[in-house]
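**Q** The structure under discussion is supplied below as structure tokens; questions concerning it will follow.
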Amino acid sequence: IKDSKPFIIQIGRIHPIKNYETSIKAFEKMPKKFKLIIIGPVEEKSYFEKLQELINELNLQGRVIFLNSLSDAEKYNALKNAEAMVHMSRHEGYCNAVHEGMSQGLVCVVSNTTALPGLVADGVNGYCLSPDDENGVYEKLNFVVNNKKSSTVKKIQENNLKFAREHTWTKVADKVEEFYKQTFRNVF
């Protein structure tokens with residue numbers, strides 16, 4: 001991880017639904033000093049091979065790095081040292097990977113599909129774009145890495161840290177318990 005700095009991070013299983021193509025195509029435009037670290041197990045070997053072909057076609061060998069089987073400590077170390085997170089999934093639930101990025105104060109650039117816009121409010125705690133908007137992804141990532149000390153980026157980072165503090169497992173469980181108590185108080 002230390003040898004890969006500076007880098008953008010993406011976490012998730014290697015599967016077509018995760019849409020790594022957009023991230024890789026956007027990353028091609030980033031300055032050559034940056035790397036894209038993708039952390040996750042290969043779930044579909046043919047898709048992984050397709051991504052390798054794209055990396056070769058775009059001449060990104062050595063700049064796009066796949067990692068697998070990291071411990072939680074290693075993964076959080078990578079998150080803590082990343083410049084930003086990208087997650088352009090085509091279909092996503094309430095994404096743990098993006099939660100993890102937010103917990104480390106990362107600006108998250110995500111797709112505007114399924115549940116992700118419920119997690120990332122555009123311009124508030126990250127950016128939401130069309131899953132195929134490689135130019136938009138590049139522009140947002142480039143803005144973040146070139147404006148790390150700006151009030152805009154710092155505010156997004158603060159918002160993400162605050163969100164993570166307010167959405168711990170314990171606090172969410174307390175809210176669910178309260179919901180059930182309110183909903184079913186006259187039933188039992």
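Chain labels run A, B, ... following the order of the structure tokens; each chain numbers its residues from 1, and ligands are numbered from 1 in the order shown.
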Do you know which residues are at most 10 Å from stretch 134-141 of chain A counting only C-alpha atoms, after dropping those on the same chain fewer than 6 positions away, and could you put them as a PyMOL selection string?

**A** chain A and resi 8+21-30+83-88+107-111+126-128+147

**Q** Would you output that residue set with C-alpha atoms, as a PDB file, in the first residue's frame?

**A**
```
ATOM      1  CA  ILE A   8      -7.693   5.922  -5.687  1.00  0.00           C
ATOM      2  CA  GLU A  21     -14.765  -0.574 -16.715  1.00  0.00           C
ATOM      3  CA  THR A  22     -15.979   2.955 -16.011  1.00  0.00           C
ATOM      4  CA  SER A  23     -13.505   3.391 -13.152  1.00  0.00           C
ATOM      5  CA  ILE A  24     -10.621   2.095 -15.261  1.00  0.00           C
ATOM      6  CA  LYS A  25     -11.531   4.244 -18.285  1.00  0.00           C
ATOM      7  CA  ALA A  26     -11.856   7.319 -16.056  1.00  0.00           C
ATOM      8  CA  PHE A  27      -8.575   6.497 -14.378  1.00  0.00           C
ATOM      9  CA  GLU A  28      -6.745   6.486 -17.711  1.00  0.00           C
ATOM     10  CA  LYS A  29      -7.079  10.285 -17.734  1.00  0.00           C
ATOM     11  CA  MET A  30      -5.607  10.720 -14.240  1.00  0.00           C
ATOM     12  CA  GLU A  83      -6.991   9.929  -2.013  1.00  0.00           C
ATOM     13  CA  ALA A  84     -10.627   9.091  -2.854  1.00  0.00           C
ATOM     14  CA  MET A  85     -12.981   6.164  -3.420  1.00  0.00           C
ATOM     15  CA  VAL A  86     -14.796   5.250  -6.612  1.00  0.00           C
ATOM     16  CA  HIS A  87     -17.726   2.810  -6.808  1.00  0.00           C
ATOM     17  CA  MET A  88     -19.617   2.819 -10.105  1.00  0.00           C
ATOM     18  CA  VAL A 107     -14.752  11.528  -0.770  1.00  0.00           C
ATOM     19  CA  CYS A 108     -16.743   8.834  -2.582  1.00  0.00           C
ATOM     20  CA  VAL A 109     -17.596   9.041  -6.282  1.00  0.00           C
ATOM     21  CA  VAL A 110     -20.451   6.583  -6.852  1.00  0.00           C
ATOM     22  CA  SER A 111     -23.046   5.649  -9.440  1.00  0.00           C
ATOM     23  CA  GLY A 126     -19.467  12.637  -2.305  1.00  0.00           C
ATOM     24  CA  TYR A 127     -20.625  12.670  -5.887  1.00  0.00           C
ATOM     25  CA  CYS A 128     -23.265  10.614  -7.748  1.00  0.00           C
ATOM     26  CA  ASN A 147      -8.321  20.440  -4.186  1.00  0.00           C
TER      27      ASN A 147
END
```

**Q** So which residues of stretch 90-138 of chain A fall under strand (DSSP E) by DSSP, listed as JSON, numbers by chain?

**A** {"A": [108, 109, 110, 111, 126, 127, 128, 129]}

**Q** Write the residues of the selection above to a file with N, CA, C and O atoms, as an mmCIF file, in the first residue's frame.

**A**
```
data_model
loop_
_atom_site.group_PDB
_atom_site.id
_atom_site.type_symbol
_atom_site.label_atom_id
_atom_site.label_comp_id
_atom_site.auth_asym_id
_atom_site.auth_seq_id
_atom_site.Cartn_x
_atom_site.Cartn_y
_atom_site.Cartn_z
ATOM 1 N N CYS A 108 -16.328 9.996 -1.799
ATOM 2 C CA CYS A 108 -16.743 8.834 -2.582
ATOM 3 C C CYS A 108 -17.447 9.287 -3.856
ATOM 4 O O CYS A 108 -18.398 10.059 -3.800
ATOM 5 N N VAL A 109 -16.975 8.791 -4.989
ATOM 6 C CA VAL A 109 -17.596 9.041 -6.282
ATOM 7 C C VAL A 109 -18.319 7.747 -6.646
ATOM 8 O O VAL A 109 -17.677 6.709 -6.834
ATOM 9 N N VAL A 110 -19.648 7.799 -6.685
ATOM 10 C CA VAL A 110 -20.451 6.583 -6.852
ATOM 11 C C VAL A 110 -21.449 6.740 -7.997
ATOM 12 O O VAL A 110 -21.723 7.844 -8.456
ATOM 13 N N SER A 111 -22.008 5.606 -8.407
ATOM 14 C CA SER A 111 -23.046 5.649 -9.440
ATOM 15 C C SER A 111 -24.361 6.108 -8.820
ATOM 16 O O SER A 111 -24.602 5.924 -7.622
ATOM 17 N N GLY A 126 -20.064 13.316 -1.165
ATOM 18 C CA GLY A 126 -19.467 12.637 -2.305
ATOM 19 C C GLY A 126 -20.156 13.116 -3.571
ATOM 20 O O GLY A 126 -20.791 14.175 -3.574
ATOM 21 N N TYR A 127 -20.037 12.303 -4.604
ATOM 22 C CA TYR A 127 -20.625 12.670 -5.887
ATOM 23 C C TYR A 127 -21.307 11.458 -6.507
ATOM 24 O O TYR A 127 -20.762 10.359 -6.467
ATOM 25 N N CYS A 128 -22.491 11.663 -7.082
ATOM 26 C CA CYS A 128 -23.265 10.614 -7.748
ATOM 27 C C CYS A 128 -23.323 10.916 -9.243
ATOM 28 O O CYS A 128 -23.714 12.015 -9.626
ATOM 29 N N LEU A 129 -22.943 9.930 -10.034
ATOM 30 C CA LEU A 129 -22.911 10.095 -11.487
ATOM 31 C C LEU A 129 -23.508 8.873 -12.168
ATOM 32 O O LEU A 129 -23.590 7.799 -11.569
#
```

**Q** Pick from A:Ile55, A:Ala97, A:Ala73, A:Ile65: nearest to A:Gly12, with only C-alpha atoms counted?

**A**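 Going through A:Ile55, A:Ala97, A:Ala73, A:Ile65 one by one, the smallest distance to A:Gly12 is for A:Ala97.
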
**Q** I need the residue nearest A:Val144 from this list: A:Lys175, A:Lys5, A:Ile156, A:Asn19. Use only C-alpha atoms for the distance.

**A**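 Answer, going by the shortest atom-to-atom distance: A:Ile156.
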
**Q** So which bits of stretch 10-167 of chain A end up alpha helix (DSSP H) when you DSSP the backbone, as a PyMOL selection string?

**A** chain A and resi 20-27+45-57+72-81+96-103+116-119+134-146+151-166

**Q** Okay, now the selection with C-alpha atoms, as a short mmCIF file (atom, residue, chain, number, x, y, z; two decimals), in the first residue's frame?

**A**
```cif
data_model
loop_
_atom_site.label_atom_id
_atom_site.label_comp_id
_atom_site.auth_asym_id
_atom_site.auth_seq_id
_atom_site.Cartn_x
_atom_site.Cartn_y
_atom_site.Cartn_z
CA TYR A 20 -15.02 -1.61 -13.05
CA GLU A 21 -14.77 -0.57 -16.72
CA THR A 22 -15.98 2.95 -16.01
CA SER A 23 -13.50 3.39 -13.15
CA ILE A 24 -10.62 2.09 -15.26
CA LYS A 25 -11.53 4.24 -18.28
CA ALA A 26 -11.86 7.32 -16.06
CA PHE A 27 -8.57 6.50 -14.38
CA LYS A 45 -12.73 -15.13 -14.01
CA SER A 46 -13.86 -14.22 -17.56
CA TYR A 47 -14.79 -10.72 -16.36
CA PHE A 48 -11.41 -10.35 -14.64
CA GLU A 49 -9.72 -11.37 -17.91
CA LYS A 50 -11.82 -8.77 -19.77
CA LEU A 51 -10.64 -6.12 -17.31
CA GLN A 52 -7.02 -7.20 -17.82
CA GLU A 53 -7.51 -6.78 -21.58
CA LEU A 54 -8.91 -3.28 -21.02
CA ILE A 55 -5.96 -2.40 -18.78
CA ASN A 56 -3.54 -3.58 -21.48
CA GLU A 57 -5.48 -1.75 -24.21
CA ASP A 72 -9.45 -5.92 7.81
CA ALA A 73 -6.46 -3.99 9.18
CA GLU A 74 -4.80 -3.96 5.74
CA LYS A 75 -8.04 -2.90 4.05
CA TYR A 76 -8.58 -0.03 6.49
CA ASN A 77 -4.95 0.99 6.09
CA ALA A 78 -5.55 1.19 2.34
CA LEU A 79 -8.73 3.22 2.90
CA LYS A 80 -6.96 5.56 5.31
CA ASN A 81 -4.20 6.20 2.75
CA ASN A 96 -20.67 -1.67 2.95
CA ALA A 97 -17.61 -0.71 0.90
CA VAL A 98 -18.80 2.89 0.54
CA HIS A 99 -19.65 2.98 4.26
CA GLU A 100 -16.09 1.87 4.97
CA GLY A 101 -14.70 4.62 2.73
CA MET A 102 -16.90 7.22 4.39
CA SER A 103 -15.75 6.05 7.82
CA LEU A 116 -26.18 4.50 -3.60
CA PRO A 117 -27.85 7.94 -3.90
CA GLY A 118 -29.51 7.18 -0.56
CA LEU A 119 -26.06 6.87 0.95
CA GLU A 134 -16.25 8.01 -17.30
CA ASN A 135 -15.57 11.70 -18.05
CA GLY A 136 -17.63 12.80 -15.05
CA VAL A 137 -15.84 10.29 -12.81
CA TYR A 138 -12.48 11.58 -14.01
CA GLU A 139 -13.53 15.21 -13.44
CA LYS A 140 -14.72 14.52 -9.88
CA LEU A 141 -11.64 12.45 -8.96
CA ASN A 142 -9.35 15.03 -10.50
CA PHE A 143 -11.15 17.81 -8.60
CA VAL A 144 -10.79 15.94 -5.29
CA VAL A 145 -7.08 15.15 -5.64
CA ASN A 146 -6.25 18.67 -6.84
CA SER A 151 -13.31 24.00 1.89
CA THR A 152 -15.48 21.89 -0.45
CA VAL A 153 -13.39 18.72 -0.09
CA LYS A 154 -12.78 19.25 3.62
CA LYS A 155 -16.52 19.68 4.24
CA ILE A 156 -17.32 16.43 2.37
CA GLN A 157 -14.68 14.61 4.41
CA GLU A 158 -16.11 16.01 7.66
CA ASN A 159 -19.65 15.05 6.60
CA ASN A 160 -18.52 11.48 5.96
CA LEU A 161 -16.77 11.14 9.30
CA LYS A 162 -19.86 12.52 11.05
CA PHE A 163 -22.13 10.14 9.10
CA ALA A 164 -19.96 7.18 10.11
CA ARG A 165 -20.05 8.18 13.78
CA GLU A 166 -23.85 8.41 13.65
#
```

**Q** Under the rule that only C-alpha atoms are counted, which of A:Lys171, A:Lys18, A:Lys35, A:Arg185 is the nearest residue to A:Cys95?

**A**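 Of the candidates, the smallest distance to A:Cys95 is held by A:Lys18.
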
**Q** Could you tell me how far atom CA of A:Thr170 lies from atom CA of A:Ile11, in Å and to one decimal?

**A**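 Result for atom CA of A:Thr170 versus atom CA of A:Ile11: 24.1 Å, one decimal.
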
**Q** Which residues are close to A:Phe66, i.e. within 7 Å by only C-alpha atoms, leaving aside same-chain residues fewer than 4 positions away? Reply as an MDAnalysis selection string.

**A** chainID A and resid 37:39

**Q** Atoms to include: C-alpha atoms. Write the selected residues as a PDB file, in the first residue's frame.

**A**
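To be explicit, this is the file written out as again-v4.pdb:
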```pdb
ATOM      1  CA  ILE A  37      -6.204  -0.087  -6.248  1.00  0.00           C
ATOM      2  CA  ILE A  38      -9.075  -2.539  -6.583  1.00  0.00           C
ATOM      3  CA  ILE A  39      -9.634  -4.744  -3.536  1.00  0.00           C
TER       4      ILE A  39
END
```
